[in-house]
Amino acid sequence: MVAHLLRLKWRLLLNGFKRSPWQLVGIGLGLLYALGMLTMLVGGLVALRWADPGIAHTVVVLGGAATIIGWGVIPLVASAGDMTLDPARFTTFAIPPRQLLAGLALAGFIGIPGLATLLAALGTVGTWWRSVPTATGALVGAVLGAMTCVVLSKVVTTATAGLASSRRFKDVSSIVVFVPLVLLGPIMVGIVDGIRGSADYLPVLARTVSWTPLGAAWSLGGELDAGNPGAAGLKALIAVATIGFLLWCWHVLLQRALVTPAYSGGPTRKGGKLGLFGVLPGTPAGAVAARALIYWLKDPRYAGSLVIIPLMPVILFFAGNQNGGQGLLMILGPLTAFMMAWSISADVSYDNTAFALHLASGVRGVDDRLGRAMACLAISLPVVLVFTAGPLFITGDWAWLPNLLGLSLGTLFTGLGLSSVISARYNIAVPLPGDSPFKKPPGNVAQTLAVQAVGMGLLALLLLPELALVVVQMVSGGPEAGWINLVVGPLLGAVLLVVGVRLGGKWLDARGPELFAQLSVNK
């Protein structure tokens, strides 16, 4: 049975390559990138063979401990992980739990994450290739460490199977896992600075971690190289006991999962409450605005596309510190206005087949455009105002407040008008309803990129008056241009918003069925 599960996992892995040629090319490029990173990592571990034993021990132990932590944390947030051999799929099969457990554990190494972890762990053998005992100890530690990673991930995924079956958990976890990626630059610089400032502390930390389940397996080669076979034996017992405890926990959780699989149904709710439909005006535009606001509040694809917005102050503040000032914070308001306004350029694409409601109910195009713009404005206007004025409390350049407010409001209104036209004319490939917000959807990528580039170029042209007034204040240094921009920006933006809503509504009335036909293809 164990061999059958391994063959099944191998076949599922191979079938993943039987896709369209372009998808296969993308997978191949990803594999090449992963192979390159793995080669660099293994090469670095082998190069530690000629380094000081204390440095090698510190790097291997702390790196191995971080790997185990990663295998334990990633399943909590990576809802789109590999679930091809999900234990819930075997509830109707009379497979003995021990055989199922062994098969699933070994199958964890069949795949890019498991195989990469195993190869990187074996790279520590090159680090301690200084004598036969040290190499043997490193080999045993590498196997124990890799097994700990895989079994720990299985324990976490089995324990959280009920959460993973929840749509809300999947949506939130997909967004949460993206946050560290956005802040990767500041995080890496902070880690490097911390290492530079605590170089003497790291060896002490490594020695402490080596006596815990996180680092025991990775320290066997270092202890043998230092002439401490007794310590190596004790740490080997800790590593084996850790795997045994994790296997026991997994066995208990696996039996429970096979008997009572997770229920993915949602709770029942009472009807009769109109929600936002009872708050906004009872007009076609108000109904569209209420529907769009519900999307903004509950559809994770909207939150996923704008997850970078609350992180922008952190990114700009960090970039300003790197450049010796906080001048970059001044663009926070206009940049946020641009991103928020441009977000509804794919509003109809996010509707997918639900756009049929707008066509079947006979909503006028101008009401559709106005309702969507109102929904975006209700959320984006407070954010833009706060992000425009907030940085001035740090920089103290209050003379720029009128100019920045005029530019931010002009960008927001103008962008909403242009997006109202773009979304009525072009269909953009976006994640399907229910998919991860960061899933790359199939579609005409070239057309999507062209539409985005042309649209952003047009927006820059429409904002030339506001941008010119900003330049005037930079050159003259007086506040007069700022006060002019405070009037020109919102007024010109409001005019362009009205023009965009009317033009977009006209296009939507003319080609609504054609647009719906394009949306129906991507489902």
# chains A, B, ... in the order shown; residues from 1 in each chain; ligands from 1

$ residues_around --residues "A:Thr124" --least-positions-apart "4" --cutoff "9 Å" --atoms "only C-alpha atoms" --output "list of chain:residue names"
A:Val42, A:Leu45, A:Val46, A:Leu48, A:Val60, A:Ala120, A:Trp128, A:Trp129, A:Ala135, A:Ala138, A:Leu139, A:Gly141, A:Ala142, A:Trp218, A:Gly221

$ residues_around --residues "stretch 362-372 of chain A" --least-positions-apart "6" --cutoff "9 Å" --atoms "only C-alpha atoms" --output "count of residues only"
30

$ closest_residue --among "A:Ala481, A:Ala159, A:Leu224, A:Leu492" --to "A:His57" --atoms "only C-alpha atoms"
A:Leu224

$ closest_residue --among "A:Val59, A:Leu463, A:Leu329, A:Leu416" --to "A:Leu205" --atoms "only C-alpha atoms"
A:Val59

$ closest_residue --among "A:Met330, A:Leu469, A:Leu357, A:Leu144" --to "A:Val240" --atoms "only C-alpha atoms"
A:Leu144

$ closest_residue --among "A:Pro133, A:Pro75, A:Pro310, A:Gly390" --to "A:Thr157" --atoms "only C-alpha atoms"
A:Pro75
